[in-house]
file start.json (JSON, C-alpha atoms)
[["chain", "number", "residue", "atom", "x", "y", "z"],
["A", 1, "MET", "CA", 117.25, 140.47, 145.09],
["A", 2, "ALA", "CA", 119.33, 138.25, 142.87],
["A", 3, "GLU", "CA", 122.01, 138.59, 140.25],
["A", 4, "LEU", "CA", 120.14, 137.88, 137.01],
["A", 5, "LYS", "CA", 121.68, 136.70, 133.77],
["A", 6, "CYS", "CA", 119.20, 136.65, 130.93],
["A", 7, "GLY", "CA", 120.00, 134.50, 127.93],
["A", 8, "VAL", "CA", 116.81, 135.51, 126.09],
["A", 9, "GLU", "CA", 118.48, 137.92, 123.69],
["A", 10, "ASN", "CA", 115.28, 138.60, 121.75],
["A", 11, "CYS", "CA", 113.46, 139.92, 124.84],
["A", 12, "THR", "CA", 112.70, 143.61, 124.61],
["A", 13, "TYR", "CA", 114.15, 144.16, 128.11],
["A", 14, "ASN", "CA", 117.46, 142.35, 127.46],
["A", 15, "LYS", "CA", 120.52, 144.55, 127.14],
["A", 16, "GLU", "CA", 123.85, 142.68, 127.10],
["A", 17, "ASN", "CA", 122.32, 139.76, 129.09],
["A", 18, "TYR", "CA", 121.01, 142.08, 131.82],
["A", 19, "CYS", "CA", 117.40, 143.05, 132.37],
["A", 20, "SER", "CA", 116.29, 146.65, 131.98],
["A", 21, "LYS", "CA", 112.75, 146.03, 133.29],
["A", 22, "GLY", "CA", 113.64, 146.52, 136.97],
["A", 23, "ASP", "CA", 111.87, 143.40, 138.23],
["A", 24, "ILE", "CA", 110.53, 140.18, 136.76],
["A", 25, "MET", "CA", 107.98, 137.48, 137.53],
["A", 26, "VAL", "CA", 108.93, 133.82, 137.22],
["A", 27, "GLY", "CA", 105.90, 131.65, 136.50],
["A", 28, "GLY", "CA", 105.38, 127.97, 137.18],
["A", 29, "LYS", "CA", 102.96, 127.54, 140.06],
["A", 30, "HIS", "CA", 102.85, 123.76, 139.59],
["A", 31, "ALA", "CA", 106.42, 123.34, 138.27],
["A", 32, "HIS", "CA", 108.41, 120.24, 139.19],
["A", 33, "LYS", "CA", 111.27, 120.98, 136.80],
["A", 34, "GLU", "CA", 112.94, 123.88, 135.02],
["A", 35, "GLU", "CA", 111.01, 123.38, 131.76],
["A", 36, "GLU", "CA", 107.74, 124.03, 133.60],
["A", 37, "THR", "CA", 108.82, 127.54, 134.63],
["A", 38, "CYS", "CA", 108.93, 130.71, 132.55],
["A", 39, "CYS", "CA", 109.71, 134.41, 132.67],
["A", 40, "GLU", "CA", 106.24, 135.93, 132.77],
["A", 41, "SER", "CA", 107.80, 139.34, 132.10],
["A", 42, "PHE", "CA", 109.17, 138.30, 128.68],
["A", 43, "ALA", "CA", 108.18, 140.56, 125.79],
["A", 44, "GLN", "CA", 109.46, 139.69, 122.33],
["A", 45, "ARG", "CA", 111.59, 142.38, 120.76],
["A", 46, "ARG", "CA", 110.16, 143.84, 117.57],
["A", 47, "GLY", "CA", 111.89, 145.94, 114.96],
["A", 48, "GLU", "CA", 115.57, 146.83, 115.17],
["A", 49, "THR", "CA", 117.90, 144.05, 116.29],
["A", 50, "ASN", "CA", 119.71, 146.27, 118.80],
["A", 51, "ALA", "CA", 116.65, 148.18, 120.01],
["A", 52, "TYR", "CA", 115.42, 147.47, 123.51],
["A", 53, "THR", "CA", 112.75, 148.87, 125.77],
["A", 54, "SER", "CA", 113.87, 150.13, 129.13],
["A", 55, "SER", "CA", 111.92, 151.12, 132.18],
["A", 56, "LEU", "CA", 115.31, 151.89, 133.77],
["A", 57, "SER", "CA", 118.04, 154.12, 132.40],
["A", 58, "HIS", "CA", 120.53, 151.23, 132.63],
["A", 59, "PRO", "CA", 119.95, 147.49, 132.77],
["A", 60, "GLY", "CA", 120.53, 146.02, 136.21],
["A", 61, "LYS", "CA", 122.75, 143.13, 137.23],
["A", 62, "ILE", "CA", 120.86, 142.79, 140.54],
["A", 63, "ILE", "CA", 117.09, 142.60, 140.20],
["A", 64, "SER", "CA", 113.96, 141.87, 142.23],
["A", 65, "ILE", "CA", 112.41, 138.56, 141.21],
["A", 66, "ASP", "CA", 108.86, 137.61, 142.15],
["A", 67, "CYS", "CA", 108.29, 133.89, 141.81],
["A", 68, "GLU", "CA", 105.17, 131.74, 141.50],
["A", 69, "ALA", "CA", 107.20, 128.49, 141.44],
["A", 70, "VAL", "CA", 106.29, 127.55, 145.02],
["A", 71, "LYS", "CA", 107.97, 124.15, 144.74],
["A", 72, "CYS", "CA", 111.39, 125.73, 144.16],
["A", 73, "VAL", "CA", 113.90, 125.74, 147.02],
["A", 74, "TYR", "CA", 114.65, 129.41, 146.30],
["A", 75, "ASN", "CA", 111.04, 130.56, 146.68],
["A", 76, "SER", "CA", 110.33, 132.35, 149.96],
["A", 77, "ASN", "CA", 106.87, 133.95, 150.17],
["A", 78, "TYR", "CA", 106.77, 134.36, 146.36],
["A", 79, "LYS", "CA", 110.20, 136.04, 146.24],
["A", 80, "CYS", "CA", 113.33, 134.47, 144.78],
["A", 81, "VAL", "CA", 116.11, 134.22, 147.37],
["A", 82, "ALA", "CA", 118.75, 132.66, 145.08],
["A", 83, "GLU", "CA", 122.00, 134.60, 144.81],
["A", 84, "HIS", "CA", 122.16, 134.07, 141.05],
["A", 85, "VAL", "CA", 119.39, 133.34, 138.53],
["A", 86, "ASP", "CA", 119.68, 132.32, 134.87],
["A", 87, "ILE", "CA", 116.77, 132.80, 132.48],
["A", 88, "THR", "CA", 116.95, 130.79, 129.25],
["A", 89, "GLY", "CA", 114.99, 130.62, 126.02],
["A", 90, "ASN", "CA", 116.73, 132.63, 123.34],
["A", 91, "GLY", "CA", 114.52, 132.84, 120.26],
["A", 92, "ALA", "CA", 111.33, 132.58, 122.34],
["A", 93, "GLY", "CA", 108.09, 133.75, 120.78],
["A", 94, "ASP", "CA", 106.25, 133.98, 124.10],
["A", 95, "SER", "CA", 106.93, 133.55, 127.80],
["A", 96, "ARG", "CA", 106.16, 129.81, 127.76],
["A", 97, "GLU", "CA", 109.30, 129.30, 125.66],
["A", 98, "THR", "CA", 111.51, 130.76, 128.40],
["A", 99, "ALA", "CA", 112.60, 129.07, 131.63],
["A", 100, "CYS", "CA", 114.26, 129.70, 134.96],
["A", 101, "ALA", "CA", 117.37, 127.53, 134.73],
["A", 102, "THR", "CA", 118.02, 128.06, 138.44],
["A", 103, "PHE", "CA", 114.81, 126.24, 139.45],
["A", 104, "THR", "CA", 115.48, 123.40, 141.87],
["A", 105, "GLU", "CA", 112.56, 121.40, 143.24],
["A", 106, "LYS", "CA", 112.22, 121.18, 147.03]]
call {"tool": "encode", "arguments": {"input": "start.json", "output": "C-alpha coordinates"}}
result
Amino acid sequence: MAELKCGVENCTYNKENYCSKGDIMVGGKHAHKEEETCCESFAQRRGETNAYTSSLSHPGKIISIDCEAVKCVYNSNYKCVAEHVDITGNGAGDSRETACATFTEK
(Lines of atoms letter the chains of each structure in order from A and count residues from 1; the text may use other names and numbers.)
(Lines give C-alpha, C1' and ligand atoms only; values in the text may rest on other atoms or scores of the structure.)
Protein backbone atom coordinates (compact mmCIF):
# COMPACT_ATOMS: atom_id res chain seq x y z
CA MET A 1 0.00 0.00 0.00
CA ALA A 2 1.22 3.46 -0.88
CA GLU A 3 0.36 7.04 -0.10
CA LEU A 4 -1.33 8.23 -3.29
CA LYS A 5 -1.64 11.82 -4.43
CA CYS A 6 -3.84 12.18 -7.48
CA GLY A 7 -3.46 15.32 -9.56
CA VAL A 8 -6.18 14.25 -12.03
CA GLU A 9 -8.87 16.54 -10.67
CA ASN A 10 -11.37 15.62 -13.37
CA CYS A 11 -11.34 11.92 -12.41
CA THR A 12 -14.63 10.77 -10.96
CA TYR A 13 -12.80 9.14 -8.02
CA ASN A 14 -10.72 12.22 -7.09
CA LYS A 15 -11.73 14.02 -3.92
CA GLU A 16 -9.28 16.69 -2.74
CA ASN A 17 -6.36 14.90 -4.47
CA TYR A 18 -7.15 11.58 -2.78
CA CYS A 19 -8.71 8.55 -4.42
CA SER A 20 -12.11 7.29 -3.34
CA LYS A 21 -11.97 4.12 -5.48
CA GLY A 22 -10.16 2.01 -2.87
CA ASP A 23 -7.53 0.61 -5.23
CA ILE A 24 -6.14 1.46 -8.65
CA MET A 25 -4.33 -0.21 -11.54
CA VAL A 26 -1.30 1.45 -13.10
CA GLY A 27 -0.85 0.40 -16.72
CA GLY A 28 2.29 0.38 -18.82
CA LYS A 29 3.43 -3.19 -19.36
CA HIS A 30 6.17 -2.11 -21.78
CA ALA A 31 6.87 1.32 -20.22
CA HIS A 32 10.41 2.68 -20.17
CA LYS A 33 9.40 6.13 -18.94
CA GLU A 34 6.65 7.87 -17.00
CA GLU A 35 4.77 9.00 -20.13
CA GLU A 36 4.25 5.36 -21.12
CA THR A 37 2.31 4.59 -17.93
CA CYS A 38 -1.28 5.44 -17.04
CA CYS A 39 -3.93 5.06 -14.38
CA GLU A 40 -6.13 2.33 -15.84
CA SER A 41 -8.73 3.11 -13.16
CA PHE A 42 -9.29 6.67 -14.44
CA ALA A 43 -12.91 7.56 -15.19
CA GLN A 44 -13.66 11.06 -16.44
CA ARG A 45 -16.01 13.02 -14.21
CA ARG A 46 -19.27 14.00 -15.87
CA GLY A 47 -21.81 16.55 -14.74
CA GLU A 48 -21.32 18.68 -11.63
CA THR A 49 -17.82 20.05 -11.08
CA ASN A 50 -17.74 19.01 -7.43
CA ALA A 51 -19.53 15.68 -7.86
CA TYR A 52 -17.48 12.53 -7.45
CA THR A 53 -18.19 8.83 -7.42
CA SER A 54 -17.11 6.92 -4.37
CA SER A 55 -16.85 3.24 -3.70
CA LEU A 56 -15.64 4.22 -0.21
CA SER A 57 -17.33 6.53 2.25
CA HIS A 58 -14.17 8.67 2.43
CA PRO A 59 -11.28 9.01 -0.01
CA GLY A 60 -8.12 7.28 1.18
CA LYS A 61 -4.63 8.68 1.54
CA ILE A 62 -3.18 5.14 1.62
CA ILE A 63 -4.31 2.89 -1.21
CA SER A 64 -3.59 -0.48 -2.79
CA ILE A 65 -1.95 -0.08 -6.19
CA ASP A 66 -1.75 -2.92 -8.69
CA CYS A 67 0.87 -2.25 -11.34
CA GLU A 68 1.50 -3.65 -14.81
CA ALA A 69 4.66 -1.53 -15.29
CA VAL A 70 7.02 -4.47 -14.76
CA LYS A 71 10.09 -2.41 -15.66
CA CYS A 72 9.53 -0.04 -12.71
CA VAL A 73 11.77 -0.38 -9.66
CA TYR A 74 8.69 -0.17 -7.42
CA ASN A 75 6.90 -3.12 -9.05
CA SER A 76 7.00 -6.31 -6.99
CA ASN A 77 4.81 -9.13 -8.34
CA TYR A 78 2.45 -6.59 -9.97
CA LYS A 79 2.05 -4.57 -6.74
CA CYS A 80 3.46 -1.10 -6.18
CA VAL A 81 5.85 -1.00 -3.22
CA ALA A 82 6.67 2.73 -3.38
CA GLU A 83 5.94 4.68 -0.20
CA HIS A 84 4.43 7.57 -2.17
CA VAL A 85 2.87 7.65 -5.65
CA ASP A 86 1.84 10.66 -7.74
CA ILE A 87 -0.67 10.29 -10.58
CA THR A 88 -0.71 13.14 -13.10
CA GLY A 89 -2.86 14.15 -16.05
CA ASN A 90 -5.36 16.78 -14.99
CA GLY A 91 -7.79 17.43 -17.83
CA ALA A 92 -7.43 13.87 -19.16
CA GLY A 93 -10.15 12.55 -21.44
CA ASP A 94 -9.13 8.91 -21.00
CA SER A 95 -6.64 6.84 -19.04
CA ARG A 96 -3.90 7.17 -21.69
CA GLU A 97 -3.68 10.87 -20.82
CA THR A 98 -2.74 10.10 -17.21
CA ALA A 99 0.63 8.91 -15.91
CA CYS A 100 2.37 7.53 -12.85
CA ALA A 101 4.90 10.26 -12.07
CA THR A 102 6.62 7.95 -9.59
CA PHE A 103 7.65 5.48 -12.32
CA THR A 104 11.39 4.84 -12.32
CA GLU A 105 12.85 2.34 -14.79
CA LYS A 106 14.91 -0.51 -13.36
call {"tool": "residues_around", "arguments": {"input": "start.json", "residues": "stretch 32-42 of chain A", "least_positions_apart": "2", "cutoff": "12 Å", "atoms": "all atoms listed in the file", "output": "PyMOL selection string"}}
result
chain A and resi 4+6-14+19-30+44-45+53+65-73+85-106
call {"tool": "atom_distance", "arguments": {"input": "start.json", "atom1": "atom CA of A:Asn17", "atom2": "atom CA of A:Ser64"}}
result
15.7 Å
call {"tool": "atom_distance", "arguments": {"input": "start.json", "atom1": "atom CA of A:Ile63", "atom2": "atom CA of A:Met1"}}
result
5.3 Å
call {"tool": "atom_distance", "arguments": {"input": "start.json", "atom1": "atom CA of A:Lys61", "atom2": "atom CA of A:Arg46"}}
result
23.4 Å
call {"tool": "closest_residue", "arguments": {"input": "start.json", "among": "A:Ile62, A:Ala43, A:Ala31, A:Lys15", "to": "A:Ala82", "atoms": "all atoms listed in the file"}}
result
A:Ile62
